[in-house]
>>> print(open('work.cif').read())   # mmCIF, C-alpha atoms
data_work
loop_
_atom_site.label_atom_id
_atom_site.label_comp_id
_atom_site.auth_asym_id
_atom_site.auth_seq_id
_atom_site.Cartn_x
_atom_site.Cartn_y
_atom_site.Cartn_z
CA MET A 174 -38.64 44.17 -36.68
CA ASP A 175 -36.27 41.35 -37.59
CA ALA A 176 -33.62 39.66 -35.43
CA ALA A 177 -30.82 41.44 -37.30
CA GLN A 178 -32.17 44.83 -36.29
CA LEU A 179 -32.44 43.76 -32.66
CA TYR A 180 -28.81 42.64 -32.73
CA ARG A 181 -27.70 45.96 -34.24
CA MET A 182 -29.46 47.75 -31.37
CA LEU A 183 -27.51 45.60 -28.90
CA VAL A 184 -24.28 46.38 -30.73
CA PHE A 185 -25.10 50.11 -30.55
CA ALA A 186 -25.79 49.90 -26.81
CA ASN A 187 -22.49 48.07 -26.28
CA VAL A 188 -20.57 50.72 -28.24
CA VAL A 189 -22.02 53.44 -26.02
CA GLU A 190 -21.37 51.55 -22.77
CA GLN A 191 -17.85 50.44 -23.74
CA GLY A 192 -16.90 53.89 -25.06
CA SER A 193 -15.37 52.78 -28.35
CA LEU A 194 -15.88 50.47 -31.32
CA THR A 195 -12.78 48.48 -30.42
CA ALA A 196 -13.87 47.85 -26.84
CA ALA A 197 -17.37 46.87 -28.00
CA ALA A 198 -15.86 44.49 -30.55
CA ASN A 199 -13.85 42.79 -27.80
CA GLU A 200 -16.94 42.55 -25.58
CA LEU A 201 -19.05 41.04 -28.37
CA GLY A 202 -16.34 38.80 -29.77
CA ILE A 203 -16.52 40.24 -33.28
CA SER A 204 -14.21 42.43 -35.37
CA ARG A 205 -14.12 46.23 -35.17
CA SER A 206 -15.08 46.49 -38.82
CA MET A 207 -18.14 44.32 -38.17
CA VAL A 208 -19.21 46.66 -35.35
CA SER A 209 -18.83 49.62 -37.72
CA GLN A 210 -20.95 47.88 -40.39
CA HIS A 211 -23.72 47.14 -37.87
CA LEU A 212 -23.79 50.80 -36.80
CA LYS A 213 -23.99 52.01 -40.41
CA LYS A 214 -26.89 49.65 -41.20
CA LEU A 215 -28.64 50.71 -37.99
CA GLU A 216 -28.35 54.40 -38.89
CA LEU A 217 -29.63 53.71 -42.40
CA ARG A 218 -32.60 51.83 -40.96
CA CYS A 219 -33.31 54.64 -38.50
CA ALA A 220 -32.66 57.29 -41.17
CA THR A 221 -30.58 59.36 -38.75
CA GLN A 222 -27.06 59.65 -37.45
CA LEU A 223 -26.71 58.17 -33.97
CA ILE A 224 -23.02 58.74 -33.22
CA HIS A 225 -20.56 61.45 -34.16
CA ARG A 226 -17.32 59.61 -34.87
CA THR A 227 -13.88 61.15 -35.34
CA THR A 228 -10.41 59.66 -35.14
CA ARG A 229 -10.08 60.89 -31.55
CA LYS A 230 -13.48 60.65 -29.90
CA MET A 231 -17.05 59.51 -30.19
CA ALA A 232 -20.23 61.29 -29.05
CA LEU A 233 -23.93 60.59 -29.25
CA THR A 234 -26.14 62.80 -31.37
CA GLU A 235 -29.41 64.10 -29.93
CA ASP A 236 -31.28 61.31 -31.74
CA GLY A 237 -28.63 58.86 -30.57
CA GLN A 238 -29.17 59.79 -26.93
CA SER A 239 -32.90 59.21 -27.21
CA PHE A 240 -32.41 55.96 -29.12
CA TYR A 241 -29.77 54.70 -26.64
CA HIS A 242 -32.27 54.96 -23.77
CA TYR A 243 -34.35 52.18 -25.33
CA CYS A 244 -31.40 50.13 -26.56
CA ALA A 245 -29.86 50.19 -23.08
CA GLU A 246 -33.06 48.71 -21.65
CA LEU A 247 -32.97 46.04 -24.35
CA LEU A 248 -29.35 45.20 -23.47
CA GLN A 249 -30.19 45.02 -19.78
CA LEU A 250 -33.09 42.66 -20.46
CA ALA A 251 -30.80 40.46 -22.57
CA LYS A 252 -28.27 40.27 -19.73
CA GLN A 253 -31.00 39.43 -17.21
CA ALA A 254 -32.32 36.70 -19.48
CA GLU A 255 -28.86 35.15 -19.74
CA ASN A 256 -28.25 35.39 -16.00
CA SER A 257 -31.54 33.65 -15.29
CA THR A 258 -30.06 30.45 -16.74
CA LYS A 259 -26.73 30.95 -14.95
CA PRO A 260 -27.64 31.85 -11.36
CA GLN A 261 -25.02 32.47 -8.70
CA ASP A 262 -24.05 29.67 -6.30
CA ARG A 263 -26.42 30.66 -3.51
CA GLU A 264 -29.27 31.14 -5.98
CA LEU A 265 -29.12 27.62 -7.40
CA GLN A 266 -32.10 25.63 -6.24
CA GLY A 267 -33.98 22.42 -6.89
CA SER A 268 -33.28 18.86 -5.86
CA ILE A 269 -30.58 16.29 -6.65
CA LYS A 270 -30.96 12.56 -6.10
CA ILE A 271 -27.62 10.78 -5.68
CA SER A 272 -26.90 7.07 -5.37
CA ALA A 273 -23.67 5.51 -4.11
CA PRO A 274 -22.36 2.23 -2.66
CA VAL A 275 -22.93 2.03 1.09
CA CYS A 276 -19.29 2.18 2.25
CA LEU A 277 -18.20 4.82 -0.23
CA GLY A 278 -21.23 6.92 0.67
CA GLU A 279 -20.81 6.61 4.44
CA GLN A 280 -17.02 6.85 4.47
CA ASN A 281 -16.42 9.56 1.86
CA LEU A 282 -19.45 11.11 0.20
CA ILE A 283 -21.50 12.13 3.25
CA GLN A 284 -18.68 14.12 4.85
CA HIS A 285 -18.75 16.60 1.93
CA ILE A 286 -22.49 17.27 1.91
CA GLY A 287 -22.25 19.92 4.64
CA ASP A 288 -19.72 22.00 2.68
CA PHE A 289 -21.83 21.65 -0.45
CA ASN A 290 -24.87 22.89 1.47
CA LYS A 291 -22.96 25.96 2.70
CA ARG A 292 -22.12 26.85 -0.88
CA TYR A 293 -25.53 25.95 -2.34
CA PRO A 294 -28.03 26.30 0.55
CA LYS A 295 -31.14 26.07 -1.63
CA ILE A 296 -30.34 22.74 -3.28
CA ARG A 297 -32.11 19.77 -1.70
CA ILE A 298 -30.27 16.44 -1.70
CA THR A 299 -31.56 12.89 -1.50
CA LEU A 300 -28.93 10.19 -0.88
CA ARG A 301 -29.62 6.57 -1.70
CA LEU A 302 -26.86 4.29 -0.43
CA GLU A 303 -27.07 0.78 -1.87
CA ASP A 304 -24.46 -1.68 -3.05
CA ARG A 305 -26.59 -2.92 -5.93
CA ARG A 306 -26.47 -0.92 -9.14
CA LEU A 307 -29.69 1.06 -9.67
CA ASN A 308 -31.36 1.96 -12.94
CA LEU A 309 -30.94 5.73 -13.17
CA LEU A 310 -34.07 6.41 -15.20
CA GLU A 311 -36.41 4.09 -13.32
CA ASN A 312 -35.25 5.46 -9.94
CA ASN A 313 -34.97 9.12 -11.04
CA ILE A 314 -31.27 9.21 -10.12
CA ASP A 315 -29.51 12.42 -11.16
CA ILE A 316 -25.99 11.25 -10.25
CA ALA A 317 -24.78 7.72 -9.55
CA ILE A 318 -21.41 7.34 -7.83
CA GLN A 319 -20.12 3.91 -8.88
CA THR A 320 -17.04 1.87 -9.72
CA GLU A 321 -18.22 0.91 -13.21
CA GLN A 322 -18.11 3.16 -16.25
CA ALA A 323 -21.52 3.42 -17.91
CA THR A 324 -21.85 2.93 -21.66
CA GLU A 325 -25.36 4.32 -22.02
CA PHE A 326 -24.85 7.47 -19.93
CA THR A 327 -22.20 10.14 -19.33
CA SER A 328 -19.40 8.98 -17.02
CA ILE A 329 -17.05 11.41 -15.27
CA ARG A 330 -13.92 10.04 -13.62
CA LEU A 331 -13.74 11.17 -9.99
CA GLY A 332 -10.79 9.25 -8.64
CA GLN A 333 -8.88 6.01 -8.33
CA PHE A 334 -8.42 3.55 -5.50
CA ASP A 335 -6.44 0.39 -4.79
CA GLU A 336 -7.50 -2.80 -3.11
CA TYR A 337 -5.38 -3.70 -0.08
CA LEU A 338 -4.73 -6.92 1.78
CA ILE A 339 -5.17 -6.07 5.44
CA ALA A 340 -5.29 -7.77 8.83
CA SER A 341 -5.34 -6.69 12.46
CA PRO A 342 -2.05 -6.50 14.43
CA GLU A 343 -3.44 -9.28 16.69
CA TYR A 344 -3.97 -11.59 13.72
CA VAL A 345 -0.46 -10.93 12.40
CA GLU A 346 1.05 -11.54 15.84
CA GLN A 347 -0.77 -14.87 16.14
CA HIS A 348 -0.51 -16.15 12.55
CA GLY A 349 2.45 -14.24 11.14
CA SER A 350 2.58 -11.93 8.13
CA PRO A 351 2.97 -13.66 4.74
CA LEU A 352 6.09 -12.63 2.88
CA HIS A 353 5.07 -14.03 -0.52
CA PRO A 354 1.74 -14.65 -2.30
CA ASP A 355 2.39 -18.41 -2.11
CA MET A 356 1.91 -18.19 1.66
CA LEU A 357 -1.56 -16.62 1.47
CA ALA A 358 -3.45 -19.86 0.89
CA LYS A 359 -2.56 -21.03 4.41
CA HIS A 360 -4.27 -18.09 6.09
CA GLN A 361 -7.84 -17.46 7.23
CA TRP A 362 -9.79 -15.16 4.92
CA ILE A 363 -12.70 -12.80 5.40
CA MET A 364 -14.35 -12.31 2.01
CA GLN A 365 -17.11 -10.13 0.65
CA SER A 366 -19.49 -12.82 -0.50
CA SER A 367 -22.81 -14.44 0.29
CA ASN A 368 -21.37 -17.96 0.08
CA TYR A 369 -18.24 -20.00 0.82
CA LEU A 370 -17.19 -20.62 -2.79
CA PRO A 371 -13.46 -20.15 -3.53
CA LYS A 372 -12.40 -16.90 -5.15
CA SER A 373 -9.43 -16.29 -7.46
CA CYS A 374 -7.32 -13.14 -7.10
CA LEU A 375 -4.48 -11.77 -9.19
CA LEU A 376 -1.57 -9.99 -7.50
CA GLN A 377 1.19 -8.08 -9.22
CA ASN A 378 4.36 -6.59 -7.76
CA SER A 379 6.35 -3.51 -8.82
CA PHE A 380 8.51 -5.67 -11.11
CA GLY A 381 5.47 -6.83 -13.08
CA ASP A 382 5.48 -10.36 -11.69
CA LYS A 383 1.94 -11.75 -11.50
CA PHE A 384 0.61 -14.32 -9.03
CA LYS A 385 -2.80 -15.92 -9.14
CA ILE A 386 -4.09 -17.23 -5.83
CA LYS A 387 -7.21 -19.15 -4.89
CA ILE A 388 -8.86 -18.10 -1.63
CA ASN A 389 -11.25 -20.17 0.45
CA PRO A 390 -13.31 -17.89 2.74
CA PHE A 391 -13.21 -18.61 6.45
CA ILE A 392 -15.89 -15.97 7.06
CA SER A 393 -18.14 -14.50 4.35
CA CYS A 394 -19.95 -11.17 4.65
CA ASN A 395 -21.80 -9.07 2.07
CA SER A 396 -20.86 -5.74 3.69
CA ASN A 397 -17.47 -4.03 3.59
CA HIS A 398 -18.23 -2.31 6.90
CA GLY A 399 -18.96 -5.75 8.34
CA ILE A 400 -15.67 -7.05 6.98
CA VAL A 401 -13.81 -4.17 8.63
CA LYS A 402 -15.33 -5.03 12.01
CA LEU A 403 -14.60 -8.74 11.56
CA ALA A 404 -10.99 -8.04 10.57
CA LYS A 405 -10.49 -5.82 13.64
CA GLN A 406 -11.37 -8.85 15.78
CA GLY A 407 -8.39 -10.72 14.34
CA LEU A 408 -10.45 -13.25 12.39
CA GLY A 409 -8.43 -13.21 9.18
CA ILE A 410 -7.01 -11.36 6.19
CA ALA A 411 -9.41 -9.24 4.14
CA ILE A 412 -9.36 -7.44 0.81
CA LEU A 413 -10.72 -3.89 1.17
CA PRO A 414 -10.63 -0.66 -0.86
CA SER A 415 -7.90 1.79 0.08
CA TYR A 416 -10.32 4.65 0.75
CA LEU A 417 -11.90 2.56 3.51
CA VAL A 418 -8.75 1.42 5.35
CA GLN A 419 -5.91 3.85 4.51
CA ALA A 420 -6.39 5.93 7.65
CA GLN A 421 -6.60 2.83 9.84
CA ILE A 422 -3.39 1.47 8.34
CA GLU A 423 -1.64 4.75 9.12
CA SER A 424 -2.96 4.71 12.69
CA GLY A 425 -1.82 1.11 13.27
CA LYS A 426 -5.28 -0.42 13.58
CA PHE A 427 -4.61 -2.51 10.48
CA VAL A 428 -1.48 -3.99 8.96
CA HIS A 429 -1.01 -3.69 5.20
CA ILE A 430 -0.16 -7.23 4.07
CA LEU A 431 2.31 -7.57 1.16
CA PRO A 432 2.30 -3.81 0.42
CA ASP A 433 4.51 -4.29 -2.65
CA TYR A 434 1.83 -6.44 -4.28
CA HIS A 435 -1.16 -4.82 -5.91
CA LEU A 436 -4.59 -6.17 -6.57
CA ARG A 437 -7.25 -4.52 -8.67
CA GLU A 438 -6.97 -0.78 -9.23
CA GLY A 439 -10.48 0.63 -9.22
CA VAL A 440 -11.88 3.82 -10.68
CA ILE A 441 -14.82 5.76 -9.27
CA TYR A 442 -17.16 7.49 -11.69
CA ALA A 443 -20.02 9.94 -11.43
CA VAL A 444 -22.63 8.81 -13.93
CA HIS A 445 -25.56 10.99 -14.99
CA PRO A 446 -28.31 10.55 -17.59
CA PHE A 447 -28.19 14.07 -19.06
CA ASP A 448 -26.95 14.59 -22.60
CA ASP A 449 -25.67 17.91 -23.92
CA VAL A 450 -27.41 20.10 -21.34
CA THR A 451 -26.76 19.25 -17.70
CA PRO A 452 -28.93 21.12 -15.15
CA PRO A 453 -26.86 23.79 -13.34
CA ARG A 454 -27.55 22.24 -9.90
CA VAL A 455 -26.27 18.85 -11.12
CA ARG A 456 -23.24 20.41 -12.78
CA ALA A 457 -22.53 22.30 -9.55
CA PHE A 458 -22.41 19.07 -7.55
CA LEU A 459 -20.26 17.30 -10.14
CA ASN A 460 -17.75 20.17 -10.13
CA PHE A 461 -17.80 20.29 -6.33
CA ILE A 462 -17.26 16.59 -5.68
CA GLU A 463 -14.57 16.10 -8.32
CA LYS A 464 -11.13 15.76 -6.63
CA ARG A 465 -12.82 15.78 -3.21
CA LEU A 466 -14.29 12.28 -3.08
CA ILE A 467 -11.04 10.29 -3.14
CA PRO A 468 -8.12 12.33 -1.77
CA ASP A 469 -4.61 11.41 -2.93
CA ASN A 470 -3.77 9.93 0.48
CA GLN A 471 -6.61 7.42 0.13
CA ARG A 472 -5.42 5.87 -3.14
#
>>> encode(input="work.cif", output="structure tokens")
Amino acid sequence: MDAAQLYRMLVFANVVEQGSLTAAANELGISRSMVSQHLKKLELRCATQLIHRTTRKMALTEDGQSFYHYCAELLQLAKQAENSTKPQDRELQGSIKISAPVCLGEQNLIQHIGDFNKRYPKIRITLRLEDRRLNLLENNIDIAIQTEQATEFTSIRLGQFDEYLIASPEYVEQHGSPLHPDMLAKHQWIMQSSNYLPKSCLLQNSFGDKFKIKINPFISCNSNHGIVKLAKQGLGIAILPSYLVQAQIESGKFVHILPDYHLREGVIYAVHPFDDVTPPRVRAFLNFIEKRLIPDNQR
């Protein structure tokens, strides 16, 4: 038996289940005339009439009823085979290994894992939070959440964030709040760095005016969480991503310095090493985390 004959049997089973050639054609995504041709070839191959067809109704012949019994089983097996590759949410299983920067992972990513688990309770998750960029293949990473777009892998844009100049209310009360970028050089700075080398930053206002400033760190720290804690102690002005400090600005724990001036606008990507076929469990997490990781009020 060739593949064409198997397909005609599936077409026949669909015609019976749908009740008409037109409905079967819609279900199969082919034309009504094509359905009719498949039925004619099937009856010729079987050397018997399977369906009585008139302009008003359709009915199975005695041979058709017997033949449908087997074709219906074939159709059911085909549907089960397809569903086995597209399981329902709660049936998805396996493991996903995800990497992310420490602050982004702790501040944003982790809070969504519980909801993901409720939807997909059989999927195991391994989180690896590190600020250094990991090799996906060497570390068996399924999804890397990062701020750089990958050229060698698939990158999916998850959200955008801004970088804010912030300081504690105590620091502003003691040192004043700069009103122009030219005044920033006189202030104490807390910088994400492992040394005390000066750093250049470019600011731009809503009118498109650009200002380049050179910052000398007063305190250096290689952790954004550490910088947050240092800034809360009133030790200086810091540059931090909006998703990390937006809520604290709104609550008054931080002051947004020069809010009309913008620094770098960052983009967060989900990067994965799969090509045309992404495992369903990985695709499920990508679809789930998209638009959840960076809410609009944290940009």
>>> resolve_selection(input="work.cif", expression="the PyMOL selection byres ((chain A and resi 280) around 12)", output="number ranges by chain")
A: 273-279, 281-285, 302, 397-398, 414-420, 466-467, 471
>>> closest_residue(input="work.cif", among="A:Leu212, A:Leu309, A:Val440, A:Ile430", to="Tyr180 of chain A", atoms="all atoms listed in the file")
A:Leu212
>>> closest_residue(input="work.cif", among="A:Ile363, A:Ile316, A:Leu247, A:Ile410", to="Ala186 of chain A", atoms="only C-alpha atoms")
A:Leu247
>>> atom_distance(input="work.cif", atom1="atom CA of Ala411 of chain A", atom2="atom CA of Ala340 of chain A")
6.4 Å
>>> residues_around(input="work.cif", residues="Phe461 of chain A", least_positions_apart="6", cutoff="12 Å", atoms="all atoms listed in the file", output="list in words")
Asp262, Leu282, His285, Ile286, Gly287, Asp288, Phe289, Asn290, Lys291, Arg292, Tyr293, Leu331, Ala443, Pro453, Arg454 and Val455 of chain A
>>> resolve_selection(input="work.cif", expression="the PyMOL selection byres ((chain A and resi 400) around 10)", output="PyMOL selection string")
chain A and resi 363-365+392-399+401-406+408-413
>>> atom_distance(input="work.cif", atom1="atom CA of Gln222 of chain A", atom2="atom CA of Ser193 of chain A")
16.3 Å
>>> axis_aligned_box(input="work.cif", around="segment 202-215 of chain A", padding_each_side="4 Å", output="JSON")
{"center_x": -21.4, "center_y": 45.4, "center_z": -35.5, "size_x": 22.5, "size_y": 21.2, "size_z": 19.4}
>>> residues_around(input="work.cif", residues="Ala197 of chain A", least_positions_apart="6", cutoff="6 Å", atoms="only C-alpha atoms", output="PyMOL selection string")
chain A and resi 187-188+191
>>> closest_residue(input="work.cif", among="A:Met356, A:Ile298, A:Leu194, A:Ile441", to="Ile271 of chain A", atoms="only C-alpha atoms")
A:Ile298
>>> resolve_selection(input="work.cif", expression="the PyMOL selection byres ((chain A and resi 183) around 12)", output="NGL selection string")
:A and (176-182 or 184-191 or 197-198 or 200-201 or 208 or 211-212 or 215 or 240-252)
>>> atom_distance(input="work.cif", atom1="atom CA of Ile318 of chain A", atom2="atom CA of Arg330 of chain A")
9.8 Å
>>> closest_residue(input="work.cif", among="A:Leu338, A:Ile422, A:Ile314, A:Ala196", to="Leu376 of chain A", atoms="all atoms listed in the file")
A:Leu338
>>> residues_around(input="work.cif", residues="Ser350 of chain A", least_positions_apart="4", cutoff="12 Å", atoms="only C-alpha atoms", output="VMD selection string")
chain A and resid 338 to 346 354 356 to 357 359 to 361 409 to 410 428 to 432
>>> closest_residue(input="work.cif", among="A:Ala323, A:Cys219, A:Leu352, A:Leu436", to="Asn378 of chain A", atoms="only C-alpha atoms")
A:Leu436
>>> residues_around(input="work.cif", residues="Thr221 of chain A", least_positions_apart="2", cutoff="12 Å", atoms="only C-alpha atoms", output="VMD selection string")
chain A and resid 212 to 219 223 to 225 233 to 240
>>> decode(input="work.cif", residues="segment 364-410 of chain A", atoms="C-alpha atoms", output="PDB file, in the first residue's frame")
ATOM      1  CA  MET A 364      30.312  52.890  39.513  1.00  0.00           C
ATOM      2  CA  GLN A 365      30.010  49.289  38.402  1.00  0.00           C
ATOM      3  CA  SER A 366      33.665  48.514  37.894  1.00  0.00           C
ATOM      4  CA  SER A 367      36.559  46.566  39.335  1.00  0.00           C
ATOM      5  CA  ASN A 368      38.905  49.564  39.229  1.00  0.00           C
ATOM      6  CA  TYR A 369      38.992  53.346  39.662  1.00  0.00           C
ATOM      7  CA  LEU A 370      39.585  54.247  36.010  1.00  0.00           C
ATOM      8  CA  PRO A 371      37.472  57.141  34.656  1.00  0.00           C
ATOM      9  CA  LYS A 372      34.418  56.256  32.588  1.00  0.00           C
ATOM     10  CA  SER A 373      32.808  58.290  29.804  1.00  0.00           C
ATOM     11  CA  CYS A 374      29.013  58.530  29.534  1.00  0.00           C
ATOM     12  CA  LEU A 375      26.782  60.087  26.907  1.00  0.00           C
ATOM     13  CA  LEU A 376      23.559  61.823  27.952  1.00  0.00           C
ATOM     14  CA  GLN A 377      20.840  63.075  25.652  1.00  0.00           C
ATOM     15  CA  ASN A 378      17.773  65.162  26.448  1.00  0.00           C
ATOM     16  CA  SER A 379      14.334  65.210  24.811  1.00  0.00           C
ATOM     17  CA  PHE A 380      15.480  67.954  22.423  1.00  0.00           C
ATOM     18  CA  GLY A 381      18.280  65.766  21.066  1.00  0.00           C
ATOM     19  CA  ASP A 382      21.083  67.687  22.766  1.00  0.00           C
ATOM     20  CA  LYS A 383      23.979  65.377  23.634  1.00  0.00           C
ATOM     21  CA  PHE A 384      26.442  65.762  26.505  1.00  0.00           C
ATOM     22  CA  LYS A 385      29.504  63.636  27.083  1.00  0.00           C
ATOM     23  CA  ILE A 386      30.734  63.486  30.654  1.00  0.00           C
ATOM     24  CA  LYS A 387      33.760  61.867  32.249  1.00  0.00           C
ATOM     25  CA  ILE A 388      33.159  60.208  35.609  1.00  0.00           C
ATOM     26  CA  ASN A 389      35.768  59.400  38.222  1.00  0.00           C
ATOM     27  CA  PRO A 390      34.465  56.673  40.582  1.00  0.00           C
ATOM     28  CA  PHE A 391      34.440  57.448  44.287  1.00  0.00           C
ATOM     29  CA  ILE A 392      33.399  53.872  45.053  1.00  0.00           C
ATOM     30  CA  SER A 393      33.672  50.956  42.610  1.00  0.00           C
ATOM     31  CA  CYS A 394      31.666  47.740  42.870  1.00  0.00           C
ATOM     32  CA  ASN A 395      31.180  44.860  40.431  1.00  0.00           C
ATOM     33  CA  SER A 396      27.607  44.116  41.564  1.00  0.00           C
ATOM     34  CA  ASN A 397      24.493  46.150  40.782  1.00  0.00           C
ATOM     35  CA  HIS A 398      22.874  44.914  43.995  1.00  0.00           C
ATOM     36  CA  GLY A 399      25.944  46.164  45.841  1.00  0.00           C
ATOM     37  CA  ILE A 400      25.663  49.526  44.115  1.00  0.00           C
ATOM     38  CA  VAL A 401      22.016  49.802  45.182  1.00  0.00           C
ATOM     39  CA  LYS A 402      22.968  49.234  48.819  1.00  0.00           C
ATOM     40  CA  LEU A 403      25.857  51.703  48.610  1.00  0.00           C
ATOM     41  CA  ALA A 404      23.641  54.353  47.001  1.00  0.00           C
ATOM     42  CA  LYS A 405      21.009  53.922  49.740  1.00  0.00           C
ATOM     43  CA  GLN A 406      23.696  54.891  52.262  1.00  0.00           C
ATOM     44  CA  GLY A 407      24.058  58.270  50.553  1.00  0.00           C
ATOM     45  CA  LEU A 408      27.555  57.618  49.198  1.00  0.00           C
ATOM     46  CA  GLY A 409      27.034  59.047  45.724  1.00  0.00           C
ATOM     47  CA  ILE A 410      25.227  59.061  42.391  1.00  0.00           C
TER      48      ILE A 410
END
